[in-house]
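Asks: The structure's right below; bear with me while I get my questions together.
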Amino acid sequence: MKKNTIELLAPGGDARSVKAAILAGADAVYLGVGDFNARKRAVNIRPEDLPELCSLAHRYGCKIYLTLNILAFEEEFSALSDLLVRTVRFGIDAVIIQDYGLLQHVRRAFPDLEIHASTQMTTHNTGQLKLLAESGVKQVNFARELCLSELTELTAAAHKEGLRAEVFVHGAYCVSFSGQCYMSGLLYENSANRGACVQPCRRDYKPESGSRGDGSKVLNLKDNSVFSRAADLYAAGVDSLKIEGRIKGYEYVYSTVLSWREQLDRVYAGKDPAGKDSRLSAVFNRSFSDNLIQGRLGADSFTPDSGDQSLFPAGRVDAYNARDGELIVSRDTQLSTGQSITITENSGSFICTGTLGESTGNRGFRFRIEHKLMGKIKKGQLILAQARLIDFSAIDDRISSMSADPEKLPLEFSLGGKAGEALELTASFRGTGVTLVADILLEKATGHPTSPETIKKQLSRLGNTPFYLSSCDLDCLEGGIFIPLAVLNDLRRKAVAAFEADLKGESEKAKPLTLLPGDLPESPRIALAVADREQLKQIPDDGSVLPVFQLPADAEVLAEVAPLFDEYPDLIPWFPSILIGPQYTAAGDFLLRTGAGQIITDNSGIACLARERGIPWIAGPLLNATNGYALDFFRQHGAAGAFCSSELEDSRFDGITVPAGIELWSPFAGPDFLMKSRHCIVRNCRDCGKRVMDARCLPDCSRSAEITDTQGNEILVIKSPGDYNSLYRKGLRVHPVRLKDPRVGIWLLDLRVRHWSMQPDCSIPQFIEYAQGQIRGAGSSKASPGRMPGNPVKGGCP
């Protein structure tokens with residue numbers, strides 16, 4: 001049994017939640033400041049509140065981690081750098097990052113700042129860990145889809161690389177693999193990887209006619225809770241347990257952190273962990289499942305109700321005065337100050353959530369609405385509340401009383417001189433010093449000399465500056481000297497000004513480096529990606545088209561397609577984004593055996609192997625490059641080329657810098673990939689009779705289904721042999737807007753999805769000829785638009 005403790009990492013969506021987490025016993029709190037984080041719907045922390053929260057946390061022995069876990073656009077790097085300069089000065093202990101370009105920038109500009117890898121980096125194999133460790137990461141939050149044995153193996157591998165292992169243990173699940181969901185962005189123009197997810201997985205979908213699935217909530221997972229498995233995670237060597245919930249209230253944060261704090265204390269004491277805790281069920285949840293950590297994926301992981309299962313009917317609205325923010329409740333309503341409530345129509349339609357403030361008498365409360373009001377509050381509407389297992393009025397009082405002076409930077413002063421000489425003040429900060437000389441000569445006091453206490457008091461008056469006086473050495477100052485207070489004030493102000501200038505200089509030093517773009521390609525080429533032998537046979541063998549083949553994830557199916565690469569020696573393998581355990585081992589062996597001249601990979605672990613073996617690699621679109629700094633990161637790790645992420649809209653594509661040494665790849669036509677899931681979505685739409693996935697599902701299953709959202713978007717659910725469930729928007733999409741961009745070296749025709757709607761209306765040679773004509777004629781009247789409106793359409797031939 002391990003003897004050390006595990007970090008309990010809590011969410012902090014606002015200042016009250018941060019304080020609640022600290023009170024409940026969190027070892028660290030992760031929070032966002034402004035919009036540069038993956039929870040824009042959270043209140044988030046105001047920059048002016050962060051210094052006090054950092055001081056408060058540190059007083060309690062708690063750390064503060066800043067989340068910058070989004071994909072960043074290139075023009076945002078300057079603002080991100082300014083934010084980091086301020087927050088590092090405020091006292092944050094680490095920064096959580098998803099973007100490879102931002103990772104590279106932080107390591108260069110803030111070498112002393114600890115970096116954690118977000119779960120959005122989709123880390124699930126040893127090659128990825130090696131790459132992150134080499135890049136300066138200290139703690140990595142594993143992909144949420146791993147089972148206990150996989151977590152145990154990966155934790156041991158992380159420790160060998162000098163990394164700490166972090167695991168999500170409680171809260172909402174994403175049905176997609178972490179960092180691999182583009183559904184919210186592509187369908188609803190609110191990117192999950194940019195912090196604006198509209199949670200399409202919680203919505204209703206209409207299955208195709210004749211389906212025998214589990215209803216309309218085919219993507220809606222239960223919440224994660226591995227509470228009863230705390231001892232297993234402790235034994236596995238995990239270093240940090242993370243609770244989800246930055247858009248939830250402080251009651252949720254306090255309850256979950258307190259429950260987990262007590263559970264870990266039981267584990268440390270050698271006692272059996274509790275199986276349940278009613279306090280977890282009494283705050284927001286969609287019912288719980290621990291199926292992923294068990295490796296038991298099936299129907300029981302999903303729920304038909306996306307609403308809060310902790311709520312029960314507590315009464316009705318009698319009246320609401322919007323001007324005064326006063327809510328009057330019905331006579332039979334049993335509620336109290338500080339309680340969080342939800343108001344709905346009788347039909348169940350959501351109106352708002354909020355917190356009851358002070359009583360106004362006669363069944364009235366001040367009512368603070370949280371987030372958006374979705375309709376009017378009217379008499380007769382239903383009030384839902386949670387069981388009051390904790391006295392939150394007392395907790396609220398404690399939170400309100402918590403305060404701390406903001407942490408400041410230590411400044412050291414040393415004063416020296418004697419009668420007849422000039423007074424000298426030496427100030428030191430972070431190992432650098434400045435010596436200032438007064439304009440007057442010191443004199444012996446004719447009356448009362450200036451006392452040491454007076455000198456120190458005057459020099460410590462640093463007011464609203466970023467500094468505090470940590471020490472004041474007067475050993476070199478002759479006794480019995482009179483020093484005018486104005487002289488001390490002047491020396492103090494000059495010292496502060498000198499170091500404030502240094503701090504501003506730090507901000508300038510932290511500015512992003514200027515990227516140098518590479519030369520434009522002489523003439524673009526075409527690559528065509530396929531997924532079976534019949535498609536491959538139709539690609540011309542005259543070298544005019546680069547042939548690309550999509551590899552499966554499953555080791556067994558990978559072995560079956562390996563002979564193709566002996567038959568077609570110029571075939572470029574495309575490695576998938578998810579390669580767990582033996583899948584990664586098999587993919588690495590395949591990379592070594594095939595002797596490929598170059599590869600495409602959506603998995604950073606394979607990129608690491610390719611670099612070690614001297615194989616040029618192309619960064620696939622699922623590595624999520626949205627800025628030139630990410631492209632430069634890939635270049636420094638052996639990449640010869642790269643795609644941009646689908647999160648980079650056409651309007652921003654021309655703003656990305658393509659550094660020298662990177663060949664830019666871009667889709668000419670292909671599917672809109674929405675997500676990849678370890679769960680079986682096909683089963684939810686077309687019930688196969690299996691309640692739980694078994695060992696044959698991944699290598700054997702080749703089923704598909706169609707669903708439609710309430711806005712009419714048609715979505716394909718594809719299960720190919722050897723790969724995980726993938727969702728696509730129906731139709732083959734073409735990208736005419738980018739055709740005029742001279743930086744693109746390779747245009748990709750992506751026909752990897754073997755569904756009729758994702759294939760052209762003509763033969764592959766005809767499709768290639770059509771694409772070549774469009775590319776040659778880009779920007780001229782000779783380029784026929786054909787069927788290229790920029791929307792999902794079937795086919796692409798005239």
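Chain labels run A, B, ... following the order of the structure tokens; each chain numbers its residues from 1, and ligands are numbered from 1 in the order shown.
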Write out as a ChimeraX atom specification each polymer residue whose atoms come within 7 Å of region 368-376 of chain A, counting only C-alpha atoms; drop sequence neighbours fewer than 2 positions from it.

Replies: /A:350-357,366,378

Asks: Create the file for the chosen residues now, containing N, CA, C and O atoms and written as a PDB file, in the first residue's frame.

Replies:
ATOM      1  N   PHE A 350     -37.515  24.058 -18.440  1.00  0.00           N
ATOM      2  CA  PHE A 350     -36.627  24.761 -17.513  1.00  0.00           C
ATOM      3  C   PHE A 350     -36.836  26.275 -17.598  1.00  0.00           C
ATOM      4  O   PHE A 350     -36.944  26.844 -18.685  1.00  0.00           O
ATOM      5  N   ILE A 351     -36.914  26.924 -16.442  1.00  0.00           N
ATOM      6  CA  ILE A 351     -36.990  28.383 -16.366  1.00  0.00           C
ATOM      7  C   ILE A 351     -35.676  28.963 -15.852  1.00  0.00           C
ATOM      8  O   ILE A 351     -35.059  29.802 -16.487  1.00  0.00           O
ATOM      9  N   CYS A 352     -35.233  28.513 -14.682  1.00  0.00           N
ATOM     10  CA  CYS A 352     -33.976  29.036 -14.143  1.00  0.00           C
ATOM     11  C   CYS A 352     -33.561  28.238 -12.918  1.00  0.00           C
ATOM     12  O   CYS A 352     -34.343  27.463 -12.357  1.00  0.00           O
ATOM     13  N   THR A 353     -32.323  28.439 -12.529  1.00  0.00           N
ATOM     14  CA  THR A 353     -31.844  28.001 -11.220  1.00  0.00           C
ATOM     15  C   THR A 353     -31.418  29.249 -10.460  1.00  0.00           C
ATOM     16  O   THR A 353     -31.110  30.286 -11.058  1.00  0.00           O
ATOM     17  N   GLY A 354     -31.385  29.156  -9.146  1.00  0.00           N
ATOM     18  CA  GLY A 354     -30.985  30.307  -8.354  1.00  0.00           C
ATOM     19  C   GLY A 354     -30.820  29.951  -6.899  1.00  0.00           C
ATOM     20  O   GLY A 354     -31.049  28.810  -6.488  1.00  0.00           O
ATOM     21  N   THR A 355     -30.445  30.936  -6.118  1.00  0.00           N
ATOM     22  CA  THR A 355     -30.213  30.745  -4.690  1.00  0.00           C
ATOM     23  C   THR A 355     -31.105  31.692  -3.897  1.00  0.00           C
ATOM     24  O   THR A 355     -31.220  32.879  -4.231  1.00  0.00           O
ATOM     25  N   LEU A 356     -31.722  31.155  -2.854  1.00  0.00           N
ATOM     26  CA  LEU A 356     -32.565  31.966  -1.988  1.00  0.00           C
ATOM     27  C   LEU A 356     -31.690  32.752  -1.021  1.00  0.00           C
ATOM     28  O   LEU A 356     -30.892  32.175  -0.276  1.00  0.00           O
ATOM     29  N   GLY A 357     -31.859  34.069  -1.052  1.00  0.00           N
ATOM     30  CA  GLY A 357     -31.117  34.917  -0.132  1.00  0.00           C
ATOM     31  C   GLY A 357     -31.903  35.163   1.143  1.00  0.00           C
ATOM     32  O   GLY A 357     -32.699  34.321   1.577  1.00  0.00           O
ATOM     33  N   ARG A 366     -35.138  37.022  -1.082  1.00  0.00           N
ATOM     34  CA  ARG A 366     -34.345  37.599  -2.151  1.00  0.00           C
ATOM     35  C   ARG A 366     -33.850  36.434  -3.011  1.00  0.00           C
ATOM     36  O   ARG A 366     -33.386  35.423  -2.485  1.00  0.00           O
ATOM     37  N   LYS A 378     -43.427  32.801 -13.183  1.00  0.00           N
ATOM     38  CA  LYS A 378     -44.856  33.096 -13.021  1.00  0.00           C
ATOM     39  C   LYS A 378     -45.450  32.288 -11.872  1.00  0.00           C
ATOM     40  O   LYS A 378     -44.912  31.250 -11.478  1.00  0.00           O
TER      41      LYS A 378
END

Asks: DSSP on the backbone, then: every residue of region 373-583 of chain A marked strand (DSSP E), written as a VMD selection string.

Replies: chain A and resid 382 to 385 409 to 417 422 to 429 432 to 441 443 to 444 467 to 477 481 to 482 525 to 530 545 to 550 572 to 575

Asks: Identify, on the basis of only C-alpha atoms, every residue whose closest approach to Glu706 (chain A) does not exceed 8 Å; exclude the query and any residue fewer than 6 positions from it along the same chain; express the result as JSON, numbers by chain.

Replies: {"A": [207, 208, 685, 714, 715, 716, 717]}

Asks: Export all heavy atoms of the chosen residues as a tab-separated table (two decimals), in the first residue's frame?

Replies:
chain	number	residue	atom	x	y	z
A	207	PRO	N	-34.13	8.55	-34.10
A	207	PRO	CA	-33.48	7.47	-34.84
A	207	PRO	C	-34.19	7.24	-36.17
A	207	PRO	O	-35.34	7.64	-36.37
A	207	PRO	CB	-33.62	6.26	-33.91
A	207	PRO	CG	-34.01	6.83	-32.57
A	207	PRO	CD	-34.76	8.09	-32.87
A	208	GLU	N	-33.50	6.62	-37.10
A	208	GLU	CA	-34.11	6.31	-38.38
A	208	GLU	C	-35.27	5.33	-38.19
A	208	GLU	O	-35.35	4.61	-37.18
A	208	GLU	CB	-33.07	5.71	-39.32
A	208	GLU	CG	-32.43	4.42	-38.80
A	208	GLU	CD	-31.21	4.04	-39.61
A	208	GLU	OE1	-31.34	3.88	-40.83
A	208	GLU	OE2	-30.12	3.90	-39.01
A	685	CYS	N	-28.96	2.90	-31.07
A	685	CYS	CA	-29.86	3.24	-32.18
A	685	CYS	C	-30.47	1.99	-32.83
A	685	CYS	O	-31.64	2.01	-33.25
A	685	CYS	CB	-29.10	4.02	-33.25
A	685	CYS	SG	-28.28	5.50	-32.65
A	714	GLU	N	-28.63	15.63	-40.11
A	714	GLU	CA	-28.58	14.17	-40.23
A	714	GLU	C	-27.19	13.69	-39.85
A	714	GLU	O	-26.18	14.16	-40.40
A	714	GLU	CB	-28.92	13.75	-41.66
A	714	GLU	CG	-30.34	14.09	-42.07
A	714	GLU	CD	-30.64	13.69	-43.49
A	714	GLU	OE1	-29.94	14.19	-44.40
A	714	GLU	OE2	-31.56	12.88	-43.69
A	715	ILE	N	-27.13	12.74	-38.93
A	715	ILE	CA	-25.86	12.29	-38.35
A	715	ILE	C	-25.72	10.80	-38.57
A	715	ILE	O	-26.66	10.03	-38.31
A	715	ILE	CB	-25.81	12.63	-36.85
A	715	ILE	CG1	-25.89	14.15	-36.67
A	715	ILE	CG2	-24.55	12.07	-36.21
A	715	ILE	CD1	-26.17	14.57	-35.25
A	716	LEU	N	-24.55	10.40	-39.03
A	716	LEU	CA	-24.25	8.98	-39.21
A	716	LEU	C	-23.44	8.47	-38.03
A	716	LEU	O	-22.51	9.14	-37.56
A	716	LEU	CB	-23.42	8.78	-40.48
A	716	LEU	CG	-24.09	9.08	-41.82
A	716	LEU	CD1	-23.08	8.90	-42.94
A	716	LEU	CD2	-25.28	8.17	-42.04
A	717	VAL	N	-23.81	7.30	-37.56
A	717	VAL	CA	-23.02	6.59	-36.54
A	717	VAL	C	-22.41	5.38	-37.23
A	717	VAL	O	-23.14	4.50	-37.70
A	717	VAL	CB	-23.89	6.15	-35.35
A	717	VAL	CG1	-23.00	5.57	-34.25
A	717	VAL	CG2	-24.72	7.30	-34.82

Asks: Pick out the residues sitting within 7 Å of region 649-664 of chain A, and hand them over as a list in words; count only C-alpha atoms, and ignore anything fewer than 2 positions along from it in its own chain.

Replies: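 Everything that qualifies: Glu74, Leu515, Leu516, Pro517, Gly518, Asp519, Asn627, Gly628, Leu631, Asp632, Arg635, Ala640, Gly641, Ala642, Phe643, Ser646, Glu647, Ser666, Val737, Arg738, Arg743, Val744, Gly745 and Ile746 of chain A.
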
Asks: So that I have them on file, write out the residues from the current selection with N, CA, C and O atoms, as an mmCIF file, in the first residue's frame.

Replies:
data_model
loop_
_atom_site.group_PDB
_atom_site.id
_atom_site.type_symbol
_atom_site.label_atom_id
_atom_site.label_comp_id
_atom_site.auth_asym_id
_atom_site.auth_seq_id
_atom_site.Cartn_x
_atom_site.Cartn_y
_atom_site.Cartn_z
ATOM 1 N N GLU A 74 -4.129 32.012 -33.245
ATOM 2 C CA GLU A 74 -2.806 32.644 -33.240
ATOM 3 C C GLU A 74 -2.853 34.083 -32.724
ATOM 4 O O GLU A 74 -1.971 34.511 -31.978
ATOM 5 N N LEU A 515 6.806 33.982 -35.626
ATOM 6 C CA LEU A 515 7.021 32.808 -36.464
ATOM 7 C C LEU A 515 7.399 33.238 -37.872
ATOM 8 O O LEU A 515 6.816 34.173 -38.426
ATOM 9 N N LEU A 516 8.365 32.552 -38.458
ATOM 10 C CA LEU A 516 8.794 32.857 -39.820
ATOM 11 C C LEU A 516 8.127 31.878 -40.779
ATOM 12 O O LEU A 516 8.342 30.667 -40.687
ATOM 13 N N PRO A 517 7.303 32.384 -41.710
ATOM 14 C CA PRO A 517 6.625 31.475 -42.629
ATOM 15 C C PRO A 517 7.594 30.872 -43.634
ATOM 16 O O PRO A 517 8.608 31.480 -44.004
ATOM 17 N N GLY A 518 7.260 29.661 -44.076
ATOM 18 C CA GLY A 518 8.089 28.996 -45.070
ATOM 19 C C GLY A 518 7.770 29.464 -46.478
ATOM 20 O O GLY A 518 6.868 30.276 -46.705
ATOM 21 N N ASP A 519 8.525 28.954 -47.442
ATOM 22 C CA ASP A 519 8.284 29.292 -48.844
ATOM 23 C C ASP A 519 6.996 28.633 -49.322
ATOM 24 O O ASP A 519 6.585 27.580 -48.829
ATOM 25 N N ASN A 627 -3.102 27.050 -34.600
ATOM 26 C CA ASN A 627 -2.185 28.195 -34.636
ATOM 27 C C ASN A 627 -0.825 27.738 -35.141
ATOM 28 O O ASN A 627 -0.503 26.540 -35.114
ATOM 29 N N GLY A 628 -0.043 28.697 -35.619
ATOM 30 C CA GLY A 628 1.276 28.379 -36.145
ATOM 31 C C GLY A 628 2.236 27.861 -35.100
ATOM 32 O O GLY A 628 3.187 27.138 -35.422
ATOM 33 N N LEU A 631 1.897 24.161 -35.077
ATOM 34 C CA LEU A 631 2.609 23.609 -36.234
ATOM 35 C C LEU A 631 4.118 23.600 -35.981
ATOM 36 O O LEU A 631 4.812 22.637 -36.345
ATOM 37 N N ASP A 632 4.617 24.651 -35.347
ATOM 38 C CA ASP A 632 6.050 24.717 -35.056
ATOM 39 C C ASP A 632 6.442 23.678 -34.008
ATOM 40 O O ASP A 632 7.531 23.104 -34.069
ATOM 41 N N ARG A 635 6.790 20.542 -35.876
ATOM 42 C CA ARG A 635 8.030 20.570 -36.666
ATOM 43 C C ARG A 635 9.238 20.228 -35.804
ATOM 44 O O ARG A 635 10.105 19.444 -36.209
ATOM 45 N N ALA A 640 6.930 16.645 -40.810
ATOM 46 C CA ALA A 640 7.249 17.243 -42.104
ATOM 47 C C ALA A 640 6.071 18.019 -42.655
ATOM 48 O O ALA A 640 6.234 18.835 -43.562
ATOM 49 N N GLY A 641 4.892 17.758 -42.114
ATOM 50 C CA GLY A 641 3.691 18.436 -42.581
ATOM 51 C C GLY A 641 2.600 18.339 -41.547
ATOM 52 O O GLY A 641 2.741 17.655 -40.529
ATOM 53 N N ALA A 642 1.486 19.031 -41.808
ATOM 54 C CA ALA A 642 0.403 19.030 -40.822
ATOM 55 C C ALA A 642 -0.899 19.513 -41.449
ATOM 56 O O ALA A 642 -0.897 20.337 -42.367
ATOM 57 N N PHE A 643 -1.989 18.978 -40.916
ATOM 58 C CA PHE A 643 -3.317 19.519 -41.145
ATOM 59 C C PHE A 643 -3.624 20.520 -40.040
ATOM 60 O O PHE A 643 -3.086 20.426 -38.939
ATOM 61 N N SER A 646 -10.205 20.955 -37.582
ATOM 62 C CA SER A 646 -11.490 21.408 -38.121
ATOM 63 C C SER A 646 -12.072 22.538 -37.281
ATOM 64 O O SER A 646 -13.024 23.200 -37.704
ATOM 65 N N GLU A 647 -11.515 22.762 -36.084
ATOM 66 C CA GLU A 647 -11.956 23.878 -35.252
ATOM 67 C C GLU A 647 -11.512 25.230 -35.836
ATOM 68 O O GLU A 647 -11.983 26.275 -35.405
ATOM 69 N N SER A 666 -4.521 20.124 -46.515
ATOM 70 C CA SER A 666 -5.871 20.625 -46.273
ATOM 71 C C SER A 666 -6.874 19.782 -47.043
ATOM 72 O O SER A 666 -6.573 19.302 -48.139
ATOM 73 N N VAL A 737 -13.565 27.439 -50.363
ATOM 74 C CA VAL A 737 -13.035 28.711 -49.872
ATOM 75 C C VAL A 737 -11.512 28.678 -49.808
ATOM 76 O O VAL A 737 -10.841 29.673 -50.093
ATOM 77 N N ARG A 738 -10.942 27.524 -49.468
ATOM 78 C CA ARG A 738 -9.496 27.444 -49.259
ATOM 79 C C ARG A 738 -8.712 27.213 -50.550
ATOM 80 O O ARG A 738 -7.480 27.222 -50.535
ATOM 81 N N ARG A 743 -0.620 28.518 -49.900
ATOM 82 C CA ARG A 743 0.257 27.846 -48.936
ATOM 83 C C ARG A 743 0.035 26.347 -48.875
ATOM 84 O O ARG A 743 0.852 25.610 -48.325
ATOM 85 N N VAL A 744 -1.117 25.878 -49.385
ATOM 86 C CA VAL A 744 -1.446 24.458 -49.284
ATOM 87 C C VAL A 744 -0.592 23.664 -50.263
ATOM 88 O O VAL A 744 -0.592 23.933 -51.472
ATOM 89 N N GLY A 745 0.129 22.680 -49.726
ATOM 90 C CA GLY A 745 0.973 21.835 -50.562
ATOM 91 C C GLY A 745 0.287 20.562 -50.997
ATOM 92 O O GLY A 745 0.561 20.038 -52.081
ATOM 93 N N ILE A 746 -0.608 20.043 -50.134
ATOM 94 C CA ILE A 746 -1.310 18.792 -50.433
ATOM 95 C C ILE A 746 -2.803 18.993 -50.215
ATOM 96 O O ILE A 746 -3.224 19.413 -49.127
#

Asks: Within 10 Å of Asn346 (chain A), counting only C-alpha atoms, which residues show up once you throw out same-chain ones fewer than 2 positions away? Write them as a list in words, please.

Replies: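 Selected residues are Arg316, Ile343, Thr344, Gly348, Ser349, Phe350, Gly380, Gln381, Leu382 and Ile383 of chain A.
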
Asks: For those residues, write N, CA and C atoms to a file as a short mmCIF file (atom, residue, chain, number, x, y, z; two decimals), in the first residue's frame.

Replies:
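Final output, saved to out01.cif:
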data_model
loop_
_atom_site.label_atom_id
_atom_site.label_comp_id
_atom_site.auth_asym_id
_atom_site.auth_seq_id
_atom_site.Cartn_x
_atom_site.Cartn_y
_atom_site.Cartn_z
N ARG A 316 -44.39 25.63 -4.98
CA ARG A 316 -44.68 26.37 -6.20
C ARG A 316 -44.42 27.87 -5.99
N ILE A 343 -36.56 26.32 -10.97
CA ILE A 343 -37.96 26.62 -11.29
C ILE A 343 -38.24 26.11 -12.69
N THR A 344 -39.35 25.37 -12.85
CA THR A 344 -39.74 24.84 -14.15
C THR A 344 -41.22 25.09 -14.39
N GLY A 348 -42.33 20.66 -17.21
CA GLY A 348 -40.93 20.31 -17.00
C GLY A 348 -39.96 21.23 -17.71
N SER A 349 -40.45 22.17 -18.53
CA SER A 349 -39.56 23.10 -19.24
C SER A 349 -38.81 23.96 -18.23
N PHE A 350 -37.52 24.06 -18.44
CA PHE A 350 -36.63 24.76 -17.51
C PHE A 350 -36.84 26.27 -17.60
N GLY A 380 -47.56 29.69 -9.93
CA GLY A 380 -47.95 28.32 -10.22
C GLY A 380 -46.84 27.45 -10.76
N GLN A 381 -45.70 28.05 -11.13
CA GLN A 381 -44.60 27.23 -11.62
C GLN A 381 -44.02 26.37 -10.50
N LEU A 382 -43.42 25.25 -10.88
CA LEU A 382 -42.93 24.27 -9.93
C LEU A 382 -41.55 24.66 -9.40
N ILE A 383 -41.36 24.52 -8.10
CA ILE A 383 -40.07 24.74 -7.46
C ILE A 383 -39.48 23.39 -7.09
#

Asks: Go through A:Leu409, A:Asp305, A:Gln180, A:Gly670 and flag the residue nearest Asp204 (chain A), using only C-alpha atoms for the distances.

Replies: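 Of all the options, A:Asp305 lies closest to Asp204 (chain A).
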
Asks: Let me make sure I understand: among A:Gly712, A:Pro760, A:Gly245, A:Pro667, which one has the smallest atom-to-atom distance to Leu187 (chain A) if we use only C-alpha atoms?

Replies: A:Gly712

Asks: As a PyMOL selection string, please: every residue in region 55-266 of chain A that DSSP puts in helix (DSSP H, G or I).

Replies: chain A and resi 55-59+74-90+100-109+119-121+126-134+148-160+183-188+192-194+200-202+227-235+250-266

Asks: Could you please determine the separation between CA of Gln263 (chain A) and CA of Ile390 (chain A) in Å, to one decimal place?

Replies: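 Value for the CA of Gln263 (chain A)-CA of Ile390 (chain A) distance: 16.9 Å.
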
Asks: Can you list, as a ChimeraX atom specification, every protein, DNA or RNA residue that comes within 10 Å of Ala192 (chain A) when you count only C-alpha atoms, leaving out same-chain residues fewer than 6 positions away?

Replies: /A:38-40,70-71,120,179-186,198-199,647

Asks: Just give me the gap between CA of Arg261 (chain A) and CA of Ala57 (chain A) in Å, one decimal is fine.

Replies: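 We find that CA of Arg261 (chain A) and CA of Ala57 (chain A) lie 16.3 Å from each other.
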
Asks: So what do you get for CA of Thr303 (chain A) versus CA of Ser176 (chain A), distance-wise?

Replies: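 Computing the Euclidean distance for CA of Thr303 (chain A) and CA of Ser176 (chain A) yields 15.7 Å.
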
Asks: For Asp265 (chain A), work out the shell of residues within 12 Å, counting only C-alpha atoms and skipping chain neighbours fewer than 6 positions away, then give it as a list of chain:residue names.

Replies: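 The contact residues come out as A:Asn4, A:Thr5, A:Ile6, A:Glu7, A:Leu8, A:Gly25, A:Ala230, A:Ala231, A:Tyr234, A:Leu258, A:Ser259, A:Lys271, A:Asp272, A:Pro273, A:Ala274.
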
Asks: Hey, which of A:His170, A:His124, A:His735, A:Lys444 ends up closest to Leu154 (chain A)? Count only C-alpha atoms.

Replies: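 Under the stated criterion, the closest residue is A:His124.
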
Asks: Per residue of region 461-576 of chain A within 9 Å of region 426-437 of chain A, what are the shortest atom pair and its distance in Å to one decimal, counting only C-alpha atoms, with rows by chain and residue number, as a tab-separated table?

Replies:
residue	atom	partner	partner_atom	distance
A:Leu491	CA	A:Leu436	CA	6.7
A:Arg492	CA	A:Ala427	CA	8.8
A:Lys494	CA	A:Leu436	CA	7.8
A:Ala495	CA	A:Ala427	CA	6.4
A:Val496	CA	A:Ala427	CA	8.7
A:Ala498	CA	A:Val434	CA	7.9
A:Phe499	CA	A:Phe429	CA	7.5

Asks: For each of A:Arg16, A:Asp99, A:Leu23, A:Ala486, take the minimum atom-to-atom distance to Phe36 (chain A), counting only C-alpha atoms, then give the residue where this is smallest.

Replies: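 Between A:Arg16, A:Asp99, A:Leu23, A:Ala486, the residue approaching Phe36 (chain A) most closely is A:Asp99.
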
Asks: Mind running region 486-590 of chain A against region 674-681 of chain A at 12 Å and telling me each contacting residue's nearest atom pair with the distance in Å (one decimal), counting only C-alpha atoms, chain and number ascending, as a Markdown table?

Replies:
| residue | atom | partner | partner_atom | distance |
| --- | --- | --- | --- | --- |
| A:Ala553 | CA | A:Arg678 | CA | 11.7 |
| A:Pro576 | CA | A:Lys676 | CA | 10.5 |
| A:Ser577 | CA | A:Lys676 | CA | 9.0 |
| A:Ile578 | CA | A:Lys676 | CA | 8.8 |
| A:Leu579 | CA | A:Arg678 | CA | 11.4 |
| A:Ile580 | CA | A:Arg678 | CA | 10.9 |
